[in-house]
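> So that you have it, the file is model-v5.pdb, and it contains PDB, C-alpha atoms:
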ATOM      1  CA  MET A  20     167.297 -80.429 192.720
ATOM      2  CA  PRO A  21     167.848 -76.858 191.536
ATOM      3  CA  GLY A  22     171.206 -75.987 190.020
ATOM      4  CA  LEU A  23     172.096 -73.609 192.854
ATOM      5  CA  ILE A  24     171.753 -76.396 195.421
ATOM      6  CA  ARG A  25     173.804 -78.770 193.247
ATOM      7  CA  SER A  26     176.526 -76.129 192.937
ATOM      8  CA  TYR A  27     176.470 -75.495 196.683
ATOM      9  CA  VAL A  28     176.827 -79.206 197.479
ATOM     10  CA  ARG A  29     179.652 -79.664 194.960
ATOM     11  CA  LEU A  30     181.517 -76.596 196.219
ATOM     12  CA  VAL A  31     181.197 -77.491 199.908
ATOM     13  CA  ASP A  32     182.146 -81.123 199.222
ATOM     14  CA  ALA A  33     185.194 -80.078 197.179
ATOM     15  CA  ILE A  34     186.462 -77.591 199.771
ATOM     16  CA  ASN A  35     185.930 -79.949 202.706
ATOM     17  CA  ARG A  36     187.495 -82.848 200.815
ATOM     18  CA  ARG A  37     190.652 -80.845 200.104
ATOM     19  CA  ILE A  38     190.940 -79.469 203.626
ATOM     20  CA  GLY A  39     190.169 -82.879 205.135
ATOM     21  CA  ARG A  40     192.827 -84.585 203.006
ATOM     22  CA  LEU A  41     195.311 -81.878 203.973
ATOM     23  CA  MET A  42     194.465 -82.304 207.658
ATOM     24  CA  MET A  43     195.245 -86.010 207.371
ATOM     25  CA  LEU A  44     198.865 -84.926 207.035
ATOM     26  CA  GLY A  45     198.522 -83.008 210.301
ATOM     27  CA  ILE A  46     199.203 -86.203 212.186
ATOM     28  CA  PHE A  47     202.804 -86.019 210.948
ATOM     29  CA  ALA A  48     203.159 -82.486 212.328
ATOM     30  CA  MET A  49     201.904 -83.707 215.716
ATOM     31  CA  VAL A  50     204.285 -86.659 215.658
ATOM     32  CA  GLY A  51     207.153 -84.315 214.778
ATOM     33  CA  VAL A  52     206.370 -81.945 217.641
ATOM     34  CA  LEU A  53     205.989 -84.789 220.137
ATOM     35  CA  LEU A  54     209.171 -86.441 218.873
ATOM     36  CA  TRP A  55     211.039 -83.171 219.355
ATOM     37  CA  SER A  56     209.511 -82.912 222.831
ATOM     38  CA  SER A  57     210.843 -86.349 223.751
ATOM     39  CA  ILE A  58     214.276 -85.650 222.288
ATOM     40  CA  SER A  59     214.584 -82.258 223.959
ATOM     41  CA  LYS A  60     213.545 -83.661 227.351
ATOM     42  CA  THR A  61     216.045 -86.486 227.071
ATOM     43  CA  PHE A  62     219.099 -84.732 225.657
ATOM     44  CA  PHE A  63     218.575 -80.980 226.056
ATOM     45  CA  LEU A  64     216.507 -78.589 228.089
ATOM     46  CA  PRO A  65     212.784 -79.346 227.794
ATOM     47  CA  SER A  66     210.957 -77.061 225.369
ATOM     48  CA  LEU A  67     208.088 -75.086 226.816
ATOM     49  CA  TRP A  68     206.161 -74.895 223.567
ATOM     50  CA  THR A  69     205.907 -78.549 222.549
ATOM     51  CA  LEU A  70     202.996 -79.802 224.658
ATOM     52  CA  GLU A  71     200.693 -76.899 223.885
ATOM     53  CA  THR A  72     201.682 -76.871 220.225
ATOM     54  CA  ALA A  73     200.808 -80.575 220.006
ATOM     55  CA  GLN A  74     197.470 -79.851 221.682
ATOM     56  CA  PHE A  75     196.739 -77.012 219.256
ATOM     57  CA  LEU A  76     197.677 -79.216 216.304
ATOM     58  CA  MET A  77     195.379 -81.953 217.616
ATOM     59  CA  VAL A  78     192.500 -79.482 217.899
ATOM     60  CA  ALA A  79     193.100 -78.279 214.332
ATOM     61  CA  TYR A  80     193.405 -81.873 213.084
ATOM     62  CA  TYR A  81     190.175 -82.920 214.759
ATOM     63  CA  ILE A  82     188.041 -79.836 214.147
ATOM     64  CA  LEU A  83     189.128 -79.073 210.563
ATOM     65  CA  GLY A  84     188.798 -82.764 209.675
ATOM     66  CA  GLY A  85     185.286 -82.926 211.123
ATOM     67  CA  ALA A  86     183.539 -81.710 207.979
ATOM     68  CA  TYR A  87     185.365 -84.340 205.908
ATOM     69  CA  ALA A  88     184.287 -87.006 208.397
ATOM     70  CA  ILE A  89     180.664 -85.885 208.015
ATOM     71  CA  GLN A  90     181.077 -85.989 204.244
ATOM     72  CA  LEU A  91     182.460 -89.547 204.339
ATOM     73  CA  ASP A  92     179.742 -90.603 206.784
ATOM     74  CA  ALA A  93     182.547 -91.667 209.114
ATOM     75  CA  ASN A  94     180.951 -90.267 212.249
ATOM     76  CA  VAL A  95     179.953 -92.589 215.065
ATOM     77  CA  ARG A  96     176.368 -93.817 215.079
ATOM     78  CA  MET A  97     174.310 -96.036 217.271
ATOM     79  CA  ASP A  98     173.828 -98.696 214.595
ATOM     80  CA  LEU A  99     171.288-100.904 216.310
ATOM     81  CA  PHE A 100     168.640-100.391 213.633
ATOM     82  CA  TYR A 101     170.155 -97.861 211.227
ATOM     83  CA  GLY A 102     172.651-100.261 209.642
ATOM     84  CA  GLU A 103     169.894-102.570 208.394
ATOM     85  CA  TRP A 104     167.740 -99.860 206.839
ATOM     86  CA  SER A 105     167.507 -99.104 203.131
ATOM     87  CA  ALA A 106     169.157 -95.975 201.726
ATOM     88  CA  TYR A 107     165.694 -94.407 201.369
ATOM     89  CA  LYS A 108     164.788 -94.998 205.019
ATOM     90  CA  LYS A 109     168.214 -93.779 206.172
ATOM     91  CA  ALA A 110     167.738 -90.601 204.147
ATOM     92  CA  TRP A 111     164.371 -89.923 205.839
ATOM     93  CA  PHE A 112     165.889 -90.484 209.264
ATOM     94  CA  ASP A 113     168.900 -88.310 208.450
ATOM     95  CA  VAL A 114     166.693 -85.482 207.138
ATOM     96  CA  PHE A 115     164.996 -85.401 210.530
ATOM     97  CA  THR A 116     168.089 -85.794 212.719
ATOM     98  CA  ILE A 117     170.362 -83.428 210.763
ATOM     99  CA  PHE A 118     168.499 -80.514 212.355
ATOM    100  CA  PHE A 119     169.875 -81.536 215.754
ATOM    101  CA  LEU A 120     173.405 -81.476 214.331
ATOM    102  CA  ILE A 121     172.819 -78.131 212.621
ATOM    103  CA  PHE A 122     171.477 -76.648 215.868
ATOM    104  CA  TYR A 123     174.413 -78.051 217.864
ATOM    105  CA  LEU A 124     176.983 -76.750 215.379
ATOM    106  CA  GLY A 125     175.230 -73.374 215.284
ATOM    107  CA  VAL A 126     175.463 -73.089 219.071
ATOM    108  CA  LEU A 127     179.141 -74.111 218.970
ATOM    109  CA  LEU A 128     179.867 -71.575 216.245
ATOM    110  CA  TYR A 129     178.023 -68.790 218.067
ATOM    111  CA  GLY A 130     179.871 -69.499 221.318
ATOM    112  CA  GLY A 131     183.151 -69.910 219.480
ATOM    113  CA  ILE A 132     182.811 -66.553 217.731
ATOM    114  CA  GLU A 133     182.063 -64.786 221.002
ATOM    115  CA  SER A 134     184.980 -66.512 222.714
ATOM    116  CA  THR A 135     187.309 -65.667 219.825
ATOM    117  CA  GLN A 136     186.244 -62.017 219.876
ATOM    118  CA  TYR A 137     186.891 -61.861 223.614
ATOM    119  CA  SER A 138     190.222 -63.598 223.203
ATOM    120  CA  TYR A 139     191.348 -61.203 220.477
ATOM    121  CA  GLU A 140     190.026 -58.073 222.166
ATOM    122  CA  TYR A 141     191.725 -58.775 225.504
ATOM    123  CA  SER A 142     194.832 -60.535 224.101
ATOM    124  CA  GLN A 143     193.930 -63.671 226.033
ATOM    125  CA  ARG A 144     196.843 -66.000 226.641
ATOM    126  CA  SER A 145     197.137 -69.514 227.955
ATOM    127  CA  ARG A 146     197.988 -69.803 231.644
ATOM    128  CA  THR A 147     201.088 -71.897 231.080
ATOM    129  CA  ALA A 148     204.777 -71.012 231.171
ATOM    130  CA  TRP A 149     204.846 -70.538 227.389
ATOM    131  CA  GLN A 150     201.700 -68.322 227.372
ATOM    132  CA  PRO A 151     200.694 -68.419 223.684
ATOM    133  CA  TYR A 152     197.844 -66.272 222.424
ATOM    134  CA  LEU A 153     194.583 -68.211 222.252
ATOM    135  CA  TRP A 154     192.827 -66.322 219.459
ATOM    136  CA  PRO A 155     194.576 -68.252 216.630
ATOM    137  CA  ILE A 156     193.383 -71.673 217.798
ATOM    138  CA  LYS A 157     189.946 -70.300 218.627
ATOM    139  CA  THR A 158     189.757 -68.908 215.084
ATOM    140  CA  VAL A 159     190.677 -72.335 213.711
ATOM    141  CA  MET A 160     187.895 -73.847 215.812
ATOM    142  CA  CYS A 161     185.356 -71.341 214.462
ATOM    143  CA  VAL A 162     186.415 -72.076 210.890
ATOM    144  CA  GLY A 163     186.061 -75.807 211.592
ATOM    145  CA  PHE A 164     182.618 -75.392 213.140
ATOM    146  CA  GLY A 165     181.563 -73.297 210.152
ATOM    147  CA  MET A 166     182.846 -75.918 207.720
ATOM    148  CA  MET A 167     180.977 -78.662 209.591
ATOM    149  CA  LEU A 168     177.820 -76.550 209.542
ATOM    150  CA  LEU A 169     178.099 -76.017 205.785
ATOM    151  CA  GLN A 170     178.738 -79.742 205.288
ATOM    152  CA  ALA A 171     175.726 -80.661 207.443
ATOM    153  CA  VAL A 172     173.507 -78.470 205.242
ATOM    154  CA  ALA A 173     175.018 -80.126 202.146
ATOM    155  CA  GLU A 174     174.251 -83.549 203.634
ATOM    156  CA  PHE A 175     170.670 -82.408 204.244
ATOM    157  CA  PHE A 176     170.351 -81.558 200.550
ATOM    158  CA  LYS A 177     171.906 -84.898 199.570
ATOM    159  CA  ASP A 178     169.380 -86.746 201.729
ATOM    160  CA  LEU A 179     166.498 -84.773 200.212
ATOM    161  CA  ALA A 180     167.782 -85.746 196.770
ATOM    162  CA  ARG A 181     167.944 -89.429 197.820
ATOM    163  CA  ILE A 182     164.349 -89.257 199.019
ATOM    164  CA  ARG A 183     163.358 -87.819 195.638
ATOM    165  CA  GLY A 184     165.302 -90.587 193.866
ATOM    166  CA  GLU A 185     168.043 -88.265 192.628
ATOM    167  CA  GLU A 186     171.770 -88.126 193.260
ATOM    168  CA  LEU A 187     173.751 -84.959 193.882
TER     169      LEU A 187
END
Any chance you could put this one into structure tokens?

Amino acid sequence: MPGLIRSYVRLVDAINRRIGRLMMLGIFAMVGVLLWSSISKTFFLPSLWTLETAQFLMVAYYILGGAYAIQLDANVRMDLFYGEWSAYKKAWFDVFTIFFLIFYLGVLLYGGIESTQYSYEYSQRSRTAWQPYLWPIKTVMCVGFGMMLLQAVAEFFKDLARIRGEEL
């Protein structure tokens, strides 16, 4: 594979690995917020912000960790036949099916960008008592979709290299 493609794969893998490892710690932030929610409901006045903050943290945890999951090949598959195939045959299958993922992520990113622009332009807020702005979490979602898209392209290059008998 050309050096530019190797550099791209290494860079995308390194960035997504670091962000994915960081997002693993996000579970502790969610637990902390939900713990505070339980404590405040039991002993004090309930906090308005805790439920939505936990939801936003879960979205960030899931979406920003998605690229790392793709990188680790930890996504869910229908393994009826795939699990028994050789690495070469899996690479051929993945080269074909990765285009569906790239298309799907492209549509998500396009819709997410439009929704984020709308949200920012009109100062869109949640329809709850707390009423936080929605553009920050929508921006996080767009970044996550973009990272997954970049990782899917990197996986495509890795599969092409496997087919050629190389490793990236």
> Which residues come within 12 Å of Arg181 (chain A), counting only C-alpha atoms, excluding same-chain residues fewer than 3 positions away, as a ChimeraX atom specification?
/A:20,105-114,174-178,184-187
> Going by the chain IDs and residue numbers used in this file, which residues fall under the PyMOL selection byres ((chain A and resi 88-97) around 9)? Write them as a PyMOL selection string.
chain A and resi 32+35-36+39+84-87+98-102+167+170-171+173-174
> Apply the PyMOL selection byres ((chain A and resi 155) around 12) to the file shown and report the selected residues as a ChimeraX atom specification.
/A:72,75-76,78-79,131-132,134-136,138-139,142-145,151-154,156-162
> Return region 152-163 of chain A, completed with all heavy atoms, as a compact mmCIF listing (two decimals), in the coordinates of the input.

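Saved to out.txt:
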# COMPACT_ATOMS: atom_id res chain seq x y z
N TYR A 152 199.16 -66.89 222.64
CA TYR A 152 197.84 -66.27 222.42
C TYR A 152 196.85 -67.37 222.07
O TYR A 152 197.19 -68.34 221.39
CB TYR A 152 197.89 -65.25 221.28
CG TYR A 152 198.61 -63.98 221.65
CD1 TYR A 152 199.89 -63.71 221.17
CD2 TYR A 152 198.01 -63.04 222.48
CE1 TYR A 152 200.54 -62.54 221.50
CE2 TYR A 152 198.66 -61.86 222.83
CZ TYR A 152 199.93 -61.63 222.34
OH TYR A 152 200.58 -60.48 222.67
N LEU A 153 195.61 -67.20 222.50
CA LEU A 153 194.58 -68.21 222.25
C LEU A 153 193.71 -67.90 221.04
O LEU A 153 193.03 -68.78 220.53
CB LEU A 153 193.71 -68.40 223.50
CG LEU A 153 194.43 -69.01 224.69
CD1 LEU A 153 193.49 -69.10 225.89
CD2 LEU A 153 194.99 -70.37 224.35
N TRP A 154 193.72 -66.66 220.56
CA TRP A 154 192.83 -66.32 219.46
C TRP A 154 193.13 -67.11 218.18
O TRP A 154 192.19 -67.42 217.45
CB TRP A 154 192.77 -64.82 219.20
CG TRP A 154 194.03 -64.18 218.72
CD1 TRP A 154 194.96 -63.54 219.48
CD2 TRP A 154 194.50 -64.13 217.38
NE1 TRP A 154 195.99 -63.11 218.69
CE2 TRP A 154 195.73 -63.45 217.39
CE3 TRP A 154 194.00 -64.59 216.16
CZ2 TRP A 154 196.48 -63.22 216.25
CZ3 TRP A 154 194.74 -64.36 215.02
CH2 TRP A 154 195.96 -63.69 215.07
N PRO A 155 194.38 -67.48 217.87
CA PRO A 155 194.58 -68.25 216.63
C PRO A 155 193.88 -69.62 216.66
O PRO A 155 193.22 -70.00 215.69
CB PRO A 155 196.10 -68.40 216.52
CG PRO A 155 196.65 -67.27 217.32
CD PRO A 155 195.68 -67.08 218.44
N ILE A 156 194.00 -70.34 217.75
CA ILE A 156 193.38 -71.67 217.80
C ILE A 156 191.87 -71.55 217.91
O ILE A 156 191.13 -72.38 217.37
CB ILE A 156 193.98 -72.55 218.92
CG1 ILE A 156 193.57 -74.01 218.74
CG2 ILE A 156 193.60 -72.07 220.30
CD1 ILE A 156 194.03 -74.64 217.46
N LYS A 157 191.39 -70.51 218.57
CA LYS A 157 189.95 -70.30 218.63
C LYS A 157 189.39 -69.95 217.25
O LYS A 157 188.29 -70.34 216.90
CB LYS A 157 189.60 -69.22 219.65
CG LYS A 157 189.82 -69.68 221.09
CD LYS A 157 189.39 -68.62 222.07
CE LYS A 157 189.53 -69.12 223.48
NZ LYS A 157 188.95 -68.19 224.46
N THR A 158 190.16 -69.22 216.45
CA THR A 158 189.76 -68.91 215.08
C THR A 158 189.69 -70.18 214.25
O THR A 158 188.74 -70.38 213.48
CB THR A 158 190.74 -67.90 214.46
OG1 THR A 158 190.77 -66.72 215.26
CG2 THR A 158 190.35 -67.55 213.03
N VAL A 159 190.68 -71.05 214.41
CA VAL A 159 190.68 -72.33 213.71
C VAL A 159 189.44 -73.14 214.09
O VAL A 159 188.79 -73.75 213.23
CB VAL A 159 191.97 -73.13 214.02
CG1 VAL A 159 191.86 -74.58 213.58
CG2 VAL A 159 193.16 -72.46 213.36
N MET A 160 189.09 -73.12 215.37
CA MET A 160 187.90 -73.85 215.81
C MET A 160 186.63 -73.27 215.16
O MET A 160 185.76 -74.03 214.73
CB MET A 160 187.80 -73.81 217.34
CG MET A 160 188.88 -74.63 218.01
SD MET A 160 188.94 -74.44 219.80
CE MET A 160 187.35 -75.06 220.28
N CYS A 161 186.53 -71.96 215.09
CA CYS A 161 185.36 -71.34 214.46
C CYS A 161 185.27 -71.70 212.99
O CYS A 161 184.18 -72.00 212.48
CB CYS A 161 185.39 -69.82 214.64
SG CYS A 161 185.07 -69.30 216.33
N VAL A 162 186.40 -71.68 212.30
CA VAL A 162 186.42 -72.08 210.89
C VAL A 162 185.95 -73.52 210.75
O VAL A 162 185.14 -73.86 209.89
CB VAL A 162 187.82 -71.87 210.28
CG1 VAL A 162 187.93 -72.54 208.92
CG2 VAL A 162 188.15 -70.39 210.18
N GLY A 163 186.46 -74.40 211.63
CA GLY A 163 186.06 -75.81 211.59
C GLY A 163 184.58 -76.01 211.86
O GLY A 163 183.91 -76.79 211.18
